[in-house]
Amino acid sequence: MSSLPGSSGAVYDRGYRPYDGPRGQRGAATFALYKASIRRALGLRRTWRQKVAPFVLLAIVTVPAIVNVGIGYVSRNRFDAFEIITYREYVGVSSALLLFVALVAPDVICPDRRQKVLPLMFARPLLGTDYVVAKVGSIATILFAFSFLPQMVLFIGNMLVSDAALDYFSGHLDVLWKVPLSIVVLAVFYAAIGCAVSSLTDRRIVAGASVIGLFLLTSISSGVIVDQTAGPNGGAYGGLLNVLVLPLYLRDVIFLGHIDSESQLAGVAGGGWLALACYLVVLAVASGLLWWRYRWVER
Amino acid sequence: MWVSYDRKLASATLLSRAPDRLGGVSDGPLLRISGLTKTYPGVTALDDLTLDVPPGRIGLVGANGAGKSTLFRILLGLSHPTAGHVEVCGIQVARDPIAVRSRLGYMPEHDCLPLDQTAADVVSTFGELSGLPARAARQRASDVLDLVGLDEARFRPIGGFSTGMRQRAKLAQALVGDPELVLLDEPTAGLDPIGREEMLQLVDRLGSFGISVLMATHLLDDVQAVCDHVVMINAGKLVVSGATNSLLERTGLVTIDVGRHTDELVSGLARAGISAVAVDDVVEATVGDDAQMDAVRDVVAQLGLPLFRLSTRLRSLDEAFVRRSEELA
């Protein structure tokens with residue numbers, strides 16, 4: 001510190017100060033990467049252009065809830081209960097967030113490899129598995145939030161416009177666990193696939209196109225196969241190839257206790273179990289791919 | 001500007017704690033490497049390397065492909081050795097790589113920073129990745145960016161930085177976790193002469209902060225300028241490891257600058273029995289002992305020549321490297 005004669009002011013030179021405070025290990029590093037990835041995905045601390053896509057998508061997926069609640073309010077004296085979209089169907093609307101995954105997963109994954117940031121990260125107390133957990137976790141968290149917030153709008157809105165809010169609440173208690181569970185199933189699945197596909201390239205545009213391509217390709221091909229081989233109930237095993245709707249089969253099982261009669265798996269014996277098995281296989285493949293891509297830091 | 005960081009006050013504060021910092025490490029060698037071998041299919045990157053390195057500023061010297069980067073990867077626990085073992089700061093890397101990485105900072109040679117983020121965000125994030133709480137990481141990011149001369153540019157995206165600024169930002173991220181040892185891979189690569197000089201000054205200062213430095217380079221001048229210990233490797237084999245001063249051997253040559261009077265001096269020295277030749281406006285004399293050195297001084301005085309310079313020529317690190325490599329071969 002230095003000061004001028006007769007002056008109460010002082011100039012401090014911070015210089016280099018060592019750090020003697022608390023220091024975390026792998027958990028802290030993983031959480032730090034998780035937070036940084038969420039910030040990046042949402043465009044926080046970045047230009048306004050980076051913020052447009054995520055928040056426009058959030059607005060879009062919230063529109064059905066707002067419309068439903070709005071019409072319910074306007075028509076509250078004419079209908080006992082107005083419902084243009086059910087909670088189960090609304091989970092399906094969240095699959096529109098696939099676009100978000102195609103946009104965000106490459107942005108969170110690809111630059112680390114392209115800009116050679118990985119060696120710097122792994123020079124910290126961080127392992128390949130920690131990296132994967134942080135990245136997939138961040139995207140899954142945002143997907144969960146973006147799917148859950150509209151559901152909350154729908155639930156609270158419906159409750160408020162109903163004749164008896166408490167009766168509505170007590171009559172829909174099952175929604176309080178079915179919705180979050182379904183959304184977790186959906187969010188983890190899409191996040192894992194998005195990250196796994198993105199890990200294969202360091203170019204964002206290629207990764208984004210590949211994510212959408214994967215879902216479209218499996219969706220179209222399974223549709224063709226189901227059309228050709230459909231049983232009396234309109235479903236066939238080919239429906240299991242549809243990666244896009246695989247988590248929605250599980251959503252049906254969670255909400256209805258069985259596969260929906262209008263789905264591509266309708267009437268397939270053991271369809272729920274088969275869907276669960278396929279879901280786990282796809283998750284395992286995605287996880288294995290991610291482990292393989294980031295295993296080198298542990299060799 | 002660099003000049004603003006050369007503050008006596010800061011030096012006084014830092015030097016007061018530096019011995020404590022180094023004291024913790026100096027109980028044992030900073031690096032203890034024993035029989036280290038790393039082979040890739042068809043290539044032996046490191047070949048039975050054994051050495052102890054004390055704390056301080058260490059230069060890791062070798063030509064391209066000598067095994068410097070491989071050694072860095074092994075020190076960081078990012079690559080497993082084929083044989084041998086390595087201790088960093090008293091911790092076996094193979095046993096606890098995470099603990100080792102918590103004590104290290106790493107500055108790679110290549111560009112490695114996210115270009116679309118500000119320097120403050122990037123360095124702060126790497127601080128958190130080093131285990132610092134978010135608030136402390138932000139504070140330290142500000143401190144180290146100030147230290148490396150990027151205080152006014154810290155809120156600018158790194159993509160708009162010059163090569164010199166990027167090198168400084170890379171150094172800042174290596175320092176933000178307050179490491180005991182910083183691994184610098186070619187820190188002066190791509191810098192202009194002024195940038196290089198500033199980077200070397202910065203590396204030089206790290207030692208006074210109590211941070212040990214292992215600087216990989218193929219520029220022996222850089223090592224000679226800032227390092228107090230040198231490790232030379234060639235084709236994966238240890239050429240020499242020792243204090244820089246011990247490698248700068250006296251050559252027995254004395255350089256005498258007497259202006260335009262070189263011929264007079266050469267003749268005078270010959271009469272005194274001292275072998276000398278005129279080389280580029282100076283005289284180089286071969287002296288065997290202190291008595292002959294005194295004789296050189298006396299001849300200059302007797303001839304009444306102006307004496308601008310009288311210096312003993314040291315063997316450069318380049319010569320030491322070449323000579324030791326030839327001895328090994």
# chains A, B, ... in the order shown; residues from 1 in each chain; ligands from 1
call {"tool": "select_by_dssp", "arguments": {"residues": "segment 8-221 of chain B", "states": "alpha helix (DSSP H)", "output": "count of residues only"}}
result
90
call {"tool": "residues_around", "arguments": {"residues": "segment 39-51 of chain A", "least_positions_apart": "3", "cutoff": "12 Å", "atoms": "only C-alpha atoms", "output": "JSON, numbers by chain"}}
result
{"A": [32, 33, 34, 35, 36, 54, 55, 56, 57, 58, 100, 101, 102, 103, 104, 105, 106, 107, 108, 109, 111, 112, 135, 136, 137, 138, 139, 140, 141, 142, 143, 145, 146], "B": [114, 115, 116, 117, 118, 119, 120, 121, 122, 125, 155, 156, 157]}
call {"tool": "write_last_selection", "arguments": {"atoms": "N, CA and C atoms", "output": "short mmCIF file (atom, residue, chain, number, x, y, z; two decimals), in the first residue's frame"}}
result
data_model
loop_
_atom_site.label_atom_id
_atom_site.label_comp_id
_atom_site.auth_asym_id
_atom_site.auth_seq_id
_atom_site.Cartn_x
_atom_site.Cartn_y
_atom_site.Cartn_z
N ALA A 32 -19.02 -27.41 -11.87
CA ALA A 32 -18.62 -26.18 -12.56
C ALA A 32 -18.83 -26.32 -14.07
N LEU A 33 -18.47 -27.48 -14.60
CA LEU A 33 -18.66 -27.71 -16.04
C LEU A 33 -20.14 -27.78 -16.39
N TYR A 34 -20.92 -28.38 -15.49
CA TYR A 34 -22.37 -28.47 -15.67
C TYR A 34 -22.97 -27.07 -15.75
N LYS A 35 -22.57 -26.20 -14.83
CA LYS A 35 -23.09 -24.83 -14.82
C LYS A 35 -22.67 -24.08 -16.09
N ALA A 36 -21.40 -24.24 -16.45
CA ALA A 36 -20.90 -23.54 -17.64
C ALA A 36 -21.65 -24.01 -18.89
N PRO A 54 -33.25 -20.66 -27.69
CA PRO A 54 -33.80 -21.36 -26.54
C PRO A 54 -35.07 -20.73 -25.98
N PHE A 55 -35.09 -19.42 -25.91
CA PHE A 55 -36.25 -18.80 -25.27
C PHE A 55 -37.45 -18.71 -26.21
N VAL A 56 -37.22 -18.67 -27.53
CA VAL A 56 -38.33 -18.76 -28.47
C VAL A 56 -38.95 -20.15 -28.39
N LEU A 57 -38.11 -21.17 -28.29
CA LEU A 57 -38.63 -22.54 -28.18
C LEU A 57 -39.42 -22.72 -26.89
N LEU A 58 -38.93 -22.11 -25.82
CA LEU A 58 -39.66 -22.20 -24.54
C LEU A 58 -41.03 -21.55 -24.70
N PHE A 100 -34.58 -28.27 -30.17
CA PHE A 100 -33.69 -27.62 -29.22
C PHE A 100 -32.43 -28.46 -29.00
N VAL A 101 -32.63 -29.77 -28.88
CA VAL A 101 -31.48 -30.67 -28.69
C VAL A 101 -30.55 -30.59 -29.90
N ALA A 102 -31.14 -30.61 -31.10
CA ALA A 102 -30.33 -30.56 -32.32
C ALA A 102 -29.54 -29.26 -32.42
N LEU A 103 -30.06 -28.24 -31.77
CA LEU A 103 -29.41 -26.93 -31.82
C LEU A 103 -28.36 -26.80 -30.71
N VAL A 104 -28.72 -27.26 -29.53
CA VAL A 104 -27.91 -26.98 -28.35
C VAL A 104 -26.83 -28.03 -28.08
N ALA A 105 -27.16 -29.29 -28.26
CA ALA A 105 -26.16 -30.34 -27.96
C ALA A 105 -24.88 -30.14 -28.77
N PRO A 106 -24.98 -29.89 -30.08
CA PRO A 106 -23.73 -29.63 -30.82
C PRO A 106 -23.00 -28.39 -30.31
N ASP A 107 -23.77 -27.38 -29.89
CA ASP A 107 -23.14 -26.14 -29.43
C ASP A 107 -22.41 -26.35 -28.10
N VAL A 108 -22.90 -27.29 -27.32
CA VAL A 108 -22.28 -27.54 -26.02
C VAL A 108 -21.11 -28.52 -26.14
N ILE A 109 -21.18 -29.41 -27.13
CA ILE A 109 -20.18 -30.48 -27.23
C ILE A 109 -19.07 -30.16 -28.25
N PRO A 111 -17.65 -27.46 -29.88
CA PRO A 111 -16.55 -26.49 -29.80
C PRO A 111 -15.41 -26.95 -28.89
N ASP A 112 -15.71 -27.73 -27.88
CA ASP A 112 -14.64 -28.19 -26.97
C ASP A 112 -13.59 -28.99 -27.74
N LYS A 135 -22.06 -32.70 -19.23
CA LYS A 135 -22.63 -32.25 -20.50
C LYS A 135 -24.05 -32.79 -20.71
N VAL A 136 -24.22 -34.12 -20.52
CA VAL A 136 -25.55 -34.71 -20.70
C VAL A 136 -26.50 -34.13 -19.64
N GLY A 137 -25.98 -34.01 -18.42
CA GLY A 137 -26.81 -33.48 -17.32
C GLY A 137 -27.30 -32.07 -17.60
N SER A 138 -26.44 -31.25 -18.17
CA SER A 138 -26.84 -29.86 -18.42
C SER A 138 -27.96 -29.80 -19.46
N ILE A 139 -27.83 -30.58 -20.51
CA ILE A 139 -28.86 -30.54 -21.56
C ILE A 139 -30.16 -31.18 -21.05
N ALA A 140 -30.01 -32.28 -20.31
CA ALA A 140 -31.20 -32.92 -19.75
C ALA A 140 -31.92 -31.97 -18.79
N THR A 141 -31.15 -31.23 -18.02
CA THR A 141 -31.76 -30.29 -17.06
C THR A 141 -32.57 -29.22 -17.78
N ILE A 142 -32.00 -28.68 -18.84
CA ILE A 142 -32.73 -27.64 -19.58
C ILE A 142 -33.97 -28.22 -20.25
N LEU A 143 -33.81 -29.42 -20.81
CA LEU A 143 -34.98 -30.06 -21.43
C LEU A 143 -36.07 -30.29 -20.39
N ALA A 145 -36.53 -28.62 -17.61
CA ALA A 145 -37.10 -27.32 -17.22
C ALA A 145 -38.04 -26.80 -18.30
N PHE A 146 -37.63 -26.90 -19.55
CA PHE A 146 -38.45 -26.37 -20.64
C PHE A 146 -39.71 -27.22 -20.85
N PRO B 114 -11.86 -21.12 -25.81
CA PRO B 114 -13.11 -20.85 -26.54
C PRO B 114 -13.08 -19.42 -27.08
N LEU B 115 -13.26 -19.28 -28.37
CA LEU B 115 -13.06 -17.98 -29.00
C LEU B 115 -14.23 -17.03 -28.83
N ASP B 116 -15.42 -17.59 -28.53
CA ASP B 116 -16.60 -16.73 -28.46
C ASP B 116 -16.94 -16.29 -27.04
N GLN B 117 -16.03 -16.54 -26.11
CA GLN B 117 -16.28 -16.11 -24.73
C GLN B 117 -15.23 -15.09 -24.32
N THR B 118 -15.59 -14.29 -23.32
CA THR B 118 -14.64 -13.28 -22.86
C THR B 118 -13.55 -13.94 -22.03
N ALA B 119 -12.42 -13.26 -21.97
CA ALA B 119 -11.30 -13.80 -21.20
C ALA B 119 -11.71 -13.99 -19.74
N ALA B 120 -12.47 -13.04 -19.20
CA ALA B 120 -12.88 -13.14 -17.80
C ALA B 120 -13.73 -14.39 -17.57
N ASP B 121 -14.67 -14.66 -18.48
CA ASP B 121 -15.53 -15.84 -18.33
C ASP B 121 -14.73 -17.13 -18.43
N VAL B 122 -13.85 -17.17 -19.42
CA VAL B 122 -13.07 -18.39 -19.65
C VAL B 122 -12.17 -18.68 -18.45
N THR B 125 -14.16 -19.69 -15.41
CA THR B 125 -14.68 -21.06 -15.52
C THR B 125 -13.57 -22.08 -15.24
N PHE B 155 -12.97 -8.26 -20.75
CA PHE B 155 -14.37 -8.44 -21.13
C PHE B 155 -14.54 -8.49 -22.65
N ARG B 156 -13.43 -8.70 -23.34
CA ARG B 156 -13.51 -8.87 -24.79
C ARG B 156 -13.45 -10.35 -25.16
N PRO B 157 -14.17 -10.76 -26.22
CA PRO B 157 -14.09 -12.17 -26.64
C PRO B 157 -12.67 -12.52 -27.06
#
call {"tool": "closest_atom_pairs", "arguments": {"of": "chain A", "to": "chain B", "cutoff": "10 Å", "atoms": "only C-alpha atoms", "output": "JSON lines"}}
result
{"residue": "A:Met1", "atom": "CA", "partner": "B:Leu9", "partner_atom": "CA", "distance": 7.2}
{"residue": "A:Ser2", "atom": "CA", "partner": "B:Leu9", "partner_atom": "CA", "distance": 8.3}
{"residue": "A:Tyr12", "atom": "CA", "partner": "B:Leu9", "partner_atom": "CA", "distance": 8.8}
{"residue": "A:Asp13", "atom": "CA", "partner": "B:Ala10", "partner_atom": "CA", "distance": 6.0}
{"residue": "A:Arg14", "atom": "CA", "partner": "B:Ala10", "partner_atom": "CA", "distance": 6.8}
{"residue": "A:Gly15", "atom": "CA", "partner": "B:Ala10", "partner_atom": "CA", "distance": 4.9}
{"residue": "A:Tyr16", "atom": "CA", "partner": "B:Leu14", "partner_atom": "CA", "distance": 6.8}
{"residue": "A:Arg17", "atom": "CA", "partner": "B:Leu14", "partner_atom": "CA", "distance": 7.5}
{"residue": "A:Pro18", "atom": "CA", "partner": "B:Asp178", "partner_atom": "CA", "distance": 6.0}
{"residue": "A:Tyr19", "atom": "CA", "partner": "B:Asp178", "partner_atom": "CA", "distance": 6.0}
{"residue": "A:Asp20", "atom": "CA", "partner": "B:Asp178", "partner_atom": "CA", "distance": 8.9}
{"residue": "A:Gly21", "atom": "CA", "partner": "B:Leu132", "partner_atom": "CA", "distance": 8.1}
{"residue": "A:Pro22", "atom": "CA", "partner": "B:Leu132", "partner_atom": "CA", "distance": 7.0}
{"residue": "A:Arg23", "atom": "CA", "partner": "B:Gly131", "partner_atom": "CA", "distance": 5.0}
{"residue": "A:Gly24", "atom": "CA", "partner": "B:Gly131", "partner_atom": "CA", "distance": 4.2}
{"residue": "A:Gln25", "atom": "CA", "partner": "B:Gly131", "partner_atom": "CA", "distance": 5.6}
{"residue": "A:Arg26", "atom": "CA", "partner": "B:Gly131", "partner_atom": "CA", "distance": 7.7}
{"residue": "A:Gly27", "atom": "CA", "partner": "B:Gly131", "partner_atom": "CA", "distance": 8.6}
{"residue": "A:Ala28", "atom": "CA", "partner": "B:Gly131", "partner_atom": "CA", "distance": 5.6}
{"residue": "A:Ala29", "atom": "CA", "partner": "B:Leu129", "partner_atom": "CA", "distance": 4.3}
{"residue": "A:Thr30", "atom": "CA", "partner": "B:Leu129", "partner_atom": "CA", "distance": 7.3}
{"residue": "A:Phe31", "atom": "CA", "partner": "B:Leu129", "partner_atom": "CA", "distance": 8.4}
{"residue": "A:Ala32", "atom": "CA", "partner": "B:Glu128", "partner_atom": "CA", "distance": 5.7}
{"residue": "A:Leu33", "atom": "CA", "partner": "B:Leu129", "partner_atom": "CA", "distance": 6.7}
{"residue": "A:Lys35", "atom": "CA", "partner": "B:Thr125", "partner_atom": "CA", "distance": 9.2}
{"residue": "A:Ala36", "atom": "CA", "partner": "B:Thr125", "partner_atom": "CA", "distance": 7.0}
{"residue": "A:Arg40", "atom": "CA", "partner": "B:Gln117", "partner_atom": "CA", "distance": 9.6}
{"residue": "A:Arg45", "atom": "CA", "partner": "B:Gln117", "partner_atom": "CA", "distance": 8.0}
{"residue": "A:Arg46", "atom": "CA", "partner": "B:Gln117", "partner_atom": "CA", "distance": 7.1}
{"residue": "A:Thr47", "atom": "CA", "partner": "B:Asp116", "partner_atom": "CA", "distance": 9.2}
{"residue": "A:Pro111", "atom": "CA", "partner": "B:Pro114", "partner_atom": "CA", "distance": 7.4}
{"residue": "A:Asp112", "atom": "CA", "partner": "B:Pro114", "partner_atom": "CA", "distance": 7.5}
{"residue": "A:Arg113", "atom": "CA", "partner": "B:Cys112", "partner_atom": "CA", "distance": 9.3}
{"residue": "A:Arg114", "atom": "CA", "partner": "B:Cys112", "partner_atom": "CA", "distance": 9.0}
{"residue": "A:Gln115", "atom": "CA", "partner": "B:Cys112", "partner_atom": "CA", "distance": 5.6}
{"residue": "A:Lys116", "atom": "CA", "partner": "B:Cys112", "partner_atom": "CA", "distance": 4.8}
{"residue": "A:Val117", "atom": "CA", "partner": "B:Cys112", "partner_atom": "CA", "distance": 4.8}
{"residue": "A:Leu118", "atom": "CA", "partner": "B:Cys112", "partner_atom": "CA", "distance": 8.1}
{"residue": "A:Pro119", "atom": "CA", "partner": "B:Cys112", "partner_atom": "CA", "distance": 8.0}
{"residue": "A:Leu120", "atom": "CA", "partner": "B:Tyr106", "partner_atom": "CA", "distance": 7.0}
{"residue": "A:Met121", "atom": "CA", "partner": "B:Leu129", "partner_atom": "CA", "distance": 7.4}
{"residue": "A:Phe122", "atom": "CA", "partner": "B:Leu78", "partner_atom": "CA", "distance": 7.5}
{"residue": "A:Ala123", "atom": "CA", "partner": "B:Arg101", "partner_atom": "CA", "distance": 6.0}
{"residue": "A:Arg124", "atom": "CA", "partner": "B:Arg101", "partner_atom": "CA", "distance": 5.4}
{"residue": "A:Pro125", "atom": "CA", "partner": "B:Ile98", "partner_atom": "CA", "distance": 4.8}
{"residue": "A:Leu126", "atom": "CA", "partner": "B:Ile98", "partner_atom": "CA", "distance": 7.2}
{"residue": "A:Leu127", "atom": "CA", "partner": "B:Ile98", "partner_atom": "CA", "distance": 8.4}
{"residue": "A:Trp296", "atom": "CA", "partner": "B:Leu78", "partner_atom": "CA", "distance": 7.7}
{"residue": "A:Val297", "atom": "CA", "partner": "B:Leu78", "partner_atom": "CA", "distance": 5.1}
{"residue": "A:Glu298", "atom": "CA", "partner": "B:Leu78", "partner_atom": "CA", "distance": 6.2}
{"residue": "A:Arg299", "atom": "CA", "partner": "B:Ser79", "partner_atom": "CA", "distance": 5.7}
call {"tool": "closest_residue", "arguments": {"among": "B:Asp192, B:Asp318, B:Glu152, B:Glu109", "to": "Met215 of chain B", "atoms": "only C-alpha atoms"}}
result
B:Glu109
call {"tool": "residues_around", "arguments": {"residues": "Ser219 of chain A", "least_positions_apart": "3", "cutoff": "8 Å", "atoms": "only C-alpha atoms", "output": "compact mmCIF listing (two decimals) with N, CA and C atoms, in the first residue's frame"}}
result
# COMPACT_ATOMS: atom_id res chain seq x y z
N PHE A 215 -33.39 -39.04 -36.00
CA PHE A 215 -34.77 -39.17 -35.56
C PHE A 215 -35.72 -39.30 -36.75
N LEU A 216 -35.48 -38.50 -37.79
CA LEU A 216 -36.36 -38.57 -38.96
C LEU A 216 -36.26 -39.92 -39.66
N SER A 222 -39.54 -46.72 -39.52
CA SER A 222 -40.42 -47.53 -38.66
C SER A 222 -41.88 -47.38 -39.13
N GLY A 223 -42.24 -46.18 -39.60
CA GLY A 223 -43.60 -45.98 -40.12
C GLY A 223 -43.87 -46.89 -41.29
N LEU A 241 -38.45 -49.34 -33.62
CA LEU A 241 -37.31 -48.71 -34.30
C LEU A 241 -37.40 -47.18 -34.28
N ASN A 242 -38.57 -46.69 -33.91
CA ASN A 242 -38.78 -45.24 -33.94
C ASN A 242 -38.15 -44.60 -32.69
N VAL A 243 -36.93 -44.12 -32.87
CA VAL A 243 -36.19 -43.56 -31.72
C VAL A 243 -36.89 -42.31 -31.20
N LEU A 244 -37.57 -41.59 -32.09
CA LEU A 244 -38.22 -40.36 -31.69
C LEU A 244 -39.31 -40.60 -30.65
N VAL A 245 -40.11 -41.66 -30.84
CA VAL A 245 -41.26 -41.86 -29.95
C VAL A 245 -41.01 -42.94 -28.89
call {"tool": "residues_around", "arguments": {"residues": "Arg251 of chain A", "least_positions_apart": "2", "cutoff": "8 Å", "atoms": "only C-alpha atoms", "output": "NGL selection string"}}
result
:A and (88 or 91 or 182 or 185 or 247-249 or 253-255)
call {"tool": "residues_around", "arguments": {"residues": "Asp294 of chain B", "least_positions_apart": "5", "cutoff": "12 Å", "atoms": "only C-alpha atoms", "output": "VMD selection string"}}
result
chain B and resid 254 269 272 274 287 to 289 299 to 301 310
call {"tool": "write_last_selection", "arguments": {"atoms": "C-alpha atoms", "output": "JSON list (two decimals), in the first residue's frame"}}
result
[["chain", "number", "residue", "atom", "x", "y", "z"],
["B", 254, "VAL", "CA", 38.70, -14.38, -23.34],
["B", 269, "LEU", "CA", 49.90, -10.99, -26.54],
["B", 272, "ALA", "CA", 53.79, -12.44, -23.84],
["B", 274, "ILE", "CA", 49.53, -15.90, -25.18],
["B", 287, "VAL", "CA", 44.06, -18.34, -21.35],
["B", 288, "GLY", "CA", 44.84, -21.35, -19.20],
["B", 289, "ASP", "CA", 44.77, -19.85, -15.71],
["B", 299, "VAL", "CA", 49.68, -6.27, -21.96],
["B", 300, "VAL", "CA", 46.71, -3.99, -22.64],
["B", 301, "ALA", "CA", 47.96, -1.58, -19.98],
["B", 310, "LEU", "CA", 37.28, -7.92, -21.19]]
call {"tool": "residues_around", "arguments": {"residues": "segment 218-223 of chain B", "least_positions_apart": "3", "cutoff": "7 Å", "atoms": "only C-alpha atoms", "output": "VMD selection string"}}
result
chain B and resid 59 61 to 63 226 to 227 317 to 318
call {"tool": "write_last_selection", "arguments": {"atoms": "C-alpha atoms", "output": "compact mmCIF listing (two decimals), in the first residue's frame"}}
result
# COMPACT_ATOMS: atom_id res chain seq x y z
CA GLY B 59 13.62 -25.56 -18.89
CA VAL B 61 14.69 -28.58 -23.91
CA GLY B 62 14.56 -30.76 -26.96
CA ALA B 63 14.00 -30.67 -30.68
CA VAL B 226 14.85 -17.43 -17.29
CA CYS B 227 15.52 -20.97 -16.11
CA LEU B 317 23.48 -24.11 -23.92
CA ASP B 318 23.40 -24.87 -27.65
